[in-house]
$ cat upload.pdb   # PDB, C-alpha atoms, pLDDT in the B column
ATOM      1  CA  MET O   1       0.000   0.000   0.000  1.00 42.00           C
ATOM      2  CA  ALA O   2       1.019   3.587  -0.558  1.00 47.00           C
ATOM      3  CA  ASP O   3       1.707   6.057   2.225  1.00 67.00           C
ATOM      4  CA  SER O   4      -1.281   7.079   4.316  1.00 80.00           C
ATOM      5  CA  LYS O   5      -3.468   9.739   2.734  1.00 95.00           C
ATOM      6  CA  THR O   6      -5.935  12.039   4.439  1.00 97.00           C
ATOM      7  CA  VAL O   7      -9.620  12.239   3.585  1.00 98.00           C
ATOM      8  CA  LEU O   8     -11.816  15.037   4.918  1.00 98.00           C
ATOM      9  CA  SER O   9     -15.420  13.972   5.511  1.00 98.00           C
ATOM     10  CA  VAL O  10     -17.792  16.948   5.628  1.00 98.00           C
ATOM     11  CA  GLY O  11     -21.349  17.076   6.941  1.00 97.00           C
ATOM     12  CA  GLN O  12     -21.874  13.421   7.865  1.00 96.00           C
ATOM     13  CA  CYS O  13     -23.707  12.376  11.027  1.00 94.00           C
ATOM     14  CA  SER O  14     -21.510  10.441  13.463  1.00 94.00           C
ATOM     15  CA  PHE O  15     -23.083   7.086  12.484  1.00 94.00           C
ATOM     16  CA  ASP O  16     -22.436   7.625   8.759  1.00 94.00           C
ATOM     17  CA  HIS O  17     -18.979   9.063   9.421  1.00 94.00           C
ATOM     18  CA  GLY O  18     -18.115   5.879  11.317  1.00 95.00           C
ATOM     19  CA  ASN O  19     -19.415   3.628   8.547  1.00 96.00           C
ATOM     20  CA  ILE O  20     -17.641   5.616   5.837  1.00 96.00           C
ATOM     21  CA  SER O  21     -14.398   5.671   7.848  1.00 96.00           C
ATOM     22  CA  ARG O  22     -14.487   1.901   8.424  1.00 96.00           C
ATOM     23  CA  ALA O  23     -15.191   1.256   4.727  1.00 96.00           C
ATOM     24  CA  ILE O  24     -12.311   3.466   3.618  1.00 96.00           C
ATOM     25  CA  GLN O  25      -9.849   2.228   6.223  1.00 95.00           C
ATOM     26  CA  GLY O  26     -10.776  -1.375   5.429  1.00 94.00           C
ATOM     27  CA  ARG O  27      -9.498  -0.921   1.880  1.00 95.00           C
ATOM     28  CA  TYR O  28      -7.045   1.984   1.932  1.00 95.00           C
ATOM     29  CA  GLN O  29      -4.259   3.271   4.105  1.00 94.00           C
ATOM     30  CA  ALA O  30      -5.996   6.523   4.959  1.00 96.00           C
ATOM     31  CA  THR O  31      -6.660   8.882   7.826  1.00 95.00           C
ATOM     32  CA  ILE O  32     -10.167  10.309   8.030  1.00 97.00           C
ATOM     33  CA  ALA O  33     -10.748  13.808   9.393  1.00 97.00           C
ATOM     34  CA  ALA O  34     -14.248  15.153  10.030  1.00 97.00           C
ATOM     35  CA  ALA O  35     -15.864  18.565   9.776  1.00 98.00           C
ATOM     36  CA  ALA O  36     -19.522  19.039  10.694  1.00 97.00           C
ATOM     37  CA  THR O  37     -20.076  22.464   9.119  1.00 97.00           C
ATOM     38  CA  ARG O  38     -18.963  24.644   6.226  1.00 96.00           C
ATOM     39  CA  GLU O  39     -16.954  26.830   8.605  1.00 97.00           C
ATOM     40  CA  GLU O  40     -15.113  23.869  10.157  1.00 97.00           C
ATOM     41  CA  ALA O  41     -14.349  22.408   6.738  1.00 98.00           C
ATOM     42  CA  MET O  42     -13.089  25.676   5.254  1.00 97.00           C
ATOM     43  CA  ALA O  43     -10.875  26.285   8.303  1.00 97.00           C
ATOM     44  CA  TRP O  44      -9.486  22.743   8.051  1.00 98.00           C
ATOM     45  CA  LEU O  45      -8.806  23.154   4.318  1.00 97.00           C
ATOM     46  CA  LYS O  46      -6.813  26.355   4.947  1.00 96.00           C
ATOM     47  CA  ASP O  47      -4.207  24.368   6.884  1.00 95.00           C
ATOM     48  CA  ASN O  48      -4.350  20.901   5.289  1.00 96.00           C
ATOM     49  CA  ARG O  49      -4.135  19.265   1.859  1.00 94.00           C
ATOM     50  CA  PRO O  50      -6.333  16.174   1.716  1.00 97.00           C
ATOM     51  CA  ALA O  51      -6.159  13.530  -0.974  1.00 97.00           C
ATOM     52  CA  LEU O  52      -9.947  13.819  -1.213  1.00 97.00           C
ATOM     53  CA  VAL O  53     -12.903  15.611   0.383  1.00 98.00           C
ATOM     54  CA  LEU O  54     -16.127  13.635   0.844  1.00 98.00           C
ATOM     55  CA  VAL O  55     -19.161  15.915   1.030  1.00 98.00           C
ATOM     56  CA  ASN O  56     -22.570  14.864   2.335  1.00 97.00           C
ATOM     57  CA  ARG O  57     -25.509  16.038   0.197  1.00 96.00           C
ATOM     58  CA  LEU O  58     -27.136  17.706   3.220  1.00 96.00           C
ATOM     59  CA  PHE O  59     -25.050  18.508   6.275  1.00 97.00           C
ATOM     60  CA  ASP O  60     -26.348  16.659   9.315  1.00 95.00           C
ATOM     61  CA  GLU O  61     -25.614  19.393  11.851  1.00 93.00           C
ATOM     62  CA  ASP O  62     -27.229  22.371  10.134  1.00 95.00           C
ATOM     63  CA  GLY O  63     -29.028  21.048   7.028  1.00 94.00           C
ATOM     64  CA  GLU O  64     -26.804  23.104   4.730  1.00 95.00           C
ATOM     65  CA  SER O  65     -26.450  22.060   1.087  1.00 96.00           C
ATOM     66  CA  GLY O  66     -23.360  20.004   0.440  1.00 96.00           C
ATOM     67  CA  ILE O  67     -23.469  21.003  -3.210  1.00 96.00           C
ATOM     68  CA  ASP O  68     -23.384  24.711  -2.286  1.00 96.00           C
ATOM     69  CA  PHE O  69     -20.405  23.985  -0.020  1.00 97.00           C
ATOM     70  CA  LEU O  70     -18.748  22.003  -2.791  1.00 96.00           C
ATOM     71  CA  ARG O  71     -19.040  24.936  -5.230  1.00 96.00           C
ATOM     72  CA  GLU O  72     -17.501  27.358  -2.714  1.00 96.00           C
ATOM     73  CA  ALA O  73     -14.759  25.001  -1.578  1.00 96.00           C
ATOM     74  CA  LYS O  74     -13.829  23.927  -5.117  1.00 96.00           C
ATOM     75  CA  ALA O  75     -13.485  27.592  -6.130  1.00 95.00           C
ATOM     76  CA  SER O  76     -11.188  28.216  -3.144  1.00 95.00           C
ATOM     77  CA  HIS O  77      -9.235  24.959  -3.549  1.00 95.00           C
ATOM     78  CA  PRO O  78      -9.253  24.132  -7.283  1.00 94.00           C
ATOM     79  CA  GLY O  79      -6.481  21.534  -6.971  1.00 94.00           C
ATOM     80  CA  THR O  80      -8.407  19.476  -4.413  1.00 96.00           C
ATOM     81  CA  ALA O  81     -10.672  16.573  -5.377  1.00 97.00           C
ATOM     82  CA  PHE O  82     -14.218  16.747  -3.981  1.00 98.00           C
ATOM     83  CA  LEU O  83     -16.695  13.866  -4.079  1.00 97.00           C
ATOM     84  CA  LEU O  84     -20.398  13.920  -3.166  1.00 97.00           C
ATOM     85  CA  VAL O  85     -21.745  11.164  -0.928  1.00 97.00           C
ATOM     86  CA  SER O  86     -25.329  10.640  -2.092  1.00 96.00           C
ATOM     87  CA  ASN O  87     -27.461   7.816  -3.428  1.00 95.00           C
ATOM     88  CA  LEU O  88     -29.388  10.268  -5.647  1.00 96.00           C
ATOM     89  CA  PRO O  89     -28.249  10.259  -9.303  1.00 96.00           C
ATOM     90  CA  GLU O  90     -29.520  13.821  -9.858  1.00 97.00           C
ATOM     91  CA  ALA O  91     -27.470  15.069  -6.903  1.00 96.00           C
ATOM     92  CA  GLN O  92     -24.383  13.288  -8.272  1.00 97.00           C
ATOM     93  CA  ALA O  93     -24.917  14.950 -11.658  1.00 97.00           C
ATOM     94  CA  GLU O  94     -25.297  18.377 -10.029  1.00 97.00           C
ATOM     95  CA  ALA O  95     -22.148  17.850  -7.955  1.00 97.00           C
ATOM     96  CA  GLN O  96     -20.125  16.818 -11.004  1.00 96.00           C
ATOM     97  CA  ALA O  97     -21.386  19.877 -12.872  1.00 96.00           C
ATOM     98  CA  ALA O  98     -20.068  21.918  -9.916  1.00 94.00           C
ATOM     99  CA  GLY O  99     -16.606  20.349 -10.229  1.00 95.00           C
ATOM    100  CA  ALA O 100     -16.808  17.186  -8.126  1.00 97.00           C
ATOM    101  CA  VAL O 101     -15.411  13.852  -9.229  1.00 96.00           C
ATOM    102  CA  ALA O 102     -17.781  10.886  -9.633  1.00 95.00           C
ATOM    103  CA  GLY O 103     -19.105   9.919  -6.209  1.00 96.00           C
ATOM    104  CA  PHE O 104     -21.035   7.172  -4.494  1.00 96.00           C
ATOM    105  CA  GLY O 105     -23.867   6.796  -2.011  1.00 95.00           C
ATOM    106  CA  LYS O 106     -23.915   5.447   1.509  1.00 94.00           C
ATOM    107  CA  ALA O 107     -25.770   2.383   0.198  1.00 95.00           C
ATOM    108  CA  GLU O 108     -22.682   1.683  -1.963  1.00 96.00           C
ATOM    109  CA  LEU O 109     -20.123   1.412   0.843  1.00 96.00           C
ATOM    110  CA  ASN O 110     -17.808  -1.576   0.298  1.00 95.00           C
ATOM    111  CA  THR O 111     -18.974  -2.058  -3.296  1.00 96.00           C
ATOM    112  CA  ALA O 112     -17.229  -1.820  -6.648  1.00 96.00           C
ATOM    113  CA  ARG O 113     -18.811   1.627  -7.155  1.00 95.00           C
ATOM    114  CA  MET O 114     -17.168   2.955  -3.986  1.00 96.00           C
ATOM    115  CA  ASN O 115     -13.839   1.447  -5.021  1.00 96.00           C
ATOM    116  CA  THR O 116     -14.078   2.949  -8.511  1.00 96.00           C
ATOM    117  CA  ALA O 117     -14.769   6.382  -7.017  1.00 97.00           C
ATOM    118  CA  LEU O 118     -11.995   6.236  -4.399  1.00 97.00           C
ATOM    119  CA  ASP O 119      -9.175   4.268  -6.060  1.00 97.00           C
ATOM    120  CA  PRO O 120      -7.872   7.177  -8.196  1.00 97.00           C
ATOM    121  CA  TRP O 121      -7.363   9.293  -5.061  1.00 96.00           C
ATOM    122  CA  LEU O 122      -6.425   6.766  -2.383  1.00 97.00           C
ATOM    123  CA  VAL O 123      -4.476   3.915  -4.021  1.00 94.00           C
TER     124      VAL O 123
END
$ encode --input "upload.pdb" --output "structure tokens"
Amino acid sequence: MADSKTVLSVGQCSFDHGNISRAIQGRYQATIAAAATREEAMAWLKDNRPALVLVNRLFDEDGESGIDFLREAKASHPGTAFLLVSNLPEAQAEAQAAGAVAGFGKAELNTARMNTALDPWLV
């Protein structure tokens, strides 16, 4: 395996963050950081360079749009890969139009779709 990479997970509830972290760490050598809100994520991104940022469609803590966050964060950090975590195909299409890479949904943890989405950034 390659050296450990860092993934920032934004807007997930603690249950989903745990499931996503276990799925990623079960396949990749990665460290998972968490940010509950836009402000926490933007502050974290100022000081860190993740291999990938996973963005929840709707932030658990405040209900904020993950796609709106993705647009803002991608504009501020154009060299960073962002990926939407959502089972909704229309949300995935909107996120990709906003600059995200192809994502996956929580129902696709530990599947080939998750691996296809994460391998380019974490292998």
$ axis_aligned_box --input "upload.pdb" --around "range 52-61 of chain O" --padding-each-side "4 Å" --output "lines of an AutoDock Vina configuration file"
center_x = -18.5
center_y = 16.5
center_z = 5.3
size_x = 25.2
size_y = 13.8
size_z = 21.1
$ atom_distance --input "upload.pdb" --atom1 "CA of Ala117 in chain O" --atom2 "CA of Asp62 in chain O"
26.6 Å
$ resolve_selection --input "upload.pdb" --expression "the PyMOL selection byres ((chain O and resi 15-19) around 12)" --output "ChimeraX atom specification"
/O:7-14,20-26,32-36,54-56,59-60,85-86,105-110
$ closest_residue --input "upload.pdb" --among "O:Leu118, O:Val123, O:Val101, O:Leu45" --to "Ala81 in chain O" --atoms "only C-alpha atoms"
O:Val101
$ closest_residue --input "upload.pdb" --among "O:Leu83, O:Ala95, O:Leu58, O:Ala51" --to "Thr37 in chain O" --atoms "all atoms listed in the file"
O:Leu58
$ atom_distance --input "upload.pdb" --atom1 "CA of Phe104 in chain O" --atom2 "CA of Gln92 in chain O"
7.9 Å
$ resolve_selection --input "upload.pdb" --expression "the PyMOL selection byres ((chain O and resi 76-80) around 12)" --output "JSON list (two decimals) with C-alpha atoms, in the coordinates of the input"
[["chain", "number", "residue", "atom", "x", "y", "z"],
["O", 6, "THR", "CA", -5.94, 12.04, 4.44],
["O", 7, "VAL", "CA", -9.62, 12.24, 3.58],
["O", 8, "LEU", "CA", -11.82, 15.04, 4.92],
["O", 41, "ALA", "CA", -14.35, 22.41, 6.74],
["O", 42, "MET", "CA", -13.09, 25.68, 5.25],
["O", 43, "ALA", "CA", -10.88, 26.28, 8.30],
["O", 44, "TRP", "CA", -9.49, 22.74, 8.05],
["O", 45, "LEU", "CA", -8.81, 23.15, 4.32],
["O", 46, "LYS", "CA", -6.81, 26.36, 4.95],
["O", 47, "ASP", "CA", -4.21, 24.37, 6.88],
["O", 48, "ASN", "CA", -4.35, 20.90, 5.29],
["O", 49, "ARG", "CA", -4.14, 19.26, 1.86],
["O", 50, "PRO", "CA", -6.33, 16.17, 1.72],
["O", 51, "ALA", "CA", -6.16, 13.53, -0.97],
["O", 52, "LEU", "CA", -9.95, 13.82, -1.21],
["O", 53, "VAL", "CA", -12.90, 15.61, 0.38],
["O", 54, "LEU", "CA", -16.13, 13.64, 0.84],
["O", 69, "PHE", "CA", -20.40, 23.98, -0.02],
["O", 70, "LEU", "CA", -18.75, 22.00, -2.79],
["O", 71, "ARG", "CA", -19.04, 24.94, -5.23],
["O", 72, "GLU", "CA", -17.50, 27.36, -2.71],
["O", 73, "ALA", "CA", -14.76, 25.00, -1.58],
["O", 74, "LYS", "CA", -13.83, 23.93, -5.12],
["O", 75, "ALA", "CA", -13.48, 27.59, -6.13],
["O", 81, "ALA", "CA", -10.67, 16.57, -5.38],
["O", 82, "PHE", "CA", -14.22, 16.75, -3.98],
["O", 83, "LEU", "CA", -16.70, 13.87, -4.08],
["O", 98, "ALA", "CA", -20.07, 21.92, -9.92],
["O", 99, "GLY", "CA", -16.61, 20.35, -10.23],
["O", 100, "ALA", "CA", -16.81, 17.19, -8.13],
["O", 101, "VAL", "CA", -15.41, 13.85, -9.23],
["O", 121, "TRP", "CA", -7.36, 9.29, -5.06]]
$ atom_distance --input "upload.pdb" --atom1 "CA of Ala91 in chain O" --atom2 "CA of Gly66 in chain O"
9.8 Å
$ residues_around --input "upload.pdb" --residues "Gln96 in chain O" --least-positions-apart "6" --cutoff "9 Å" --atoms "only C-alpha atoms" --output "ChimeraX atom specification"
/O:83-84,102-103
$ closest_residue --input "upload.pdb" --among "O:Lys5, O:Gln29, O:Arg57, O:Glu40" --to "Ala93 in chain O" --atoms "only C-alpha atoms"
O:Arg57
$ closest_residue --input "upload.pdb" --among "O:Asn87, O:Arg38, O:Ser4, O:Gly63" --to "Met114 in chain O" --atoms "only C-alpha atoms"
O:Asn87
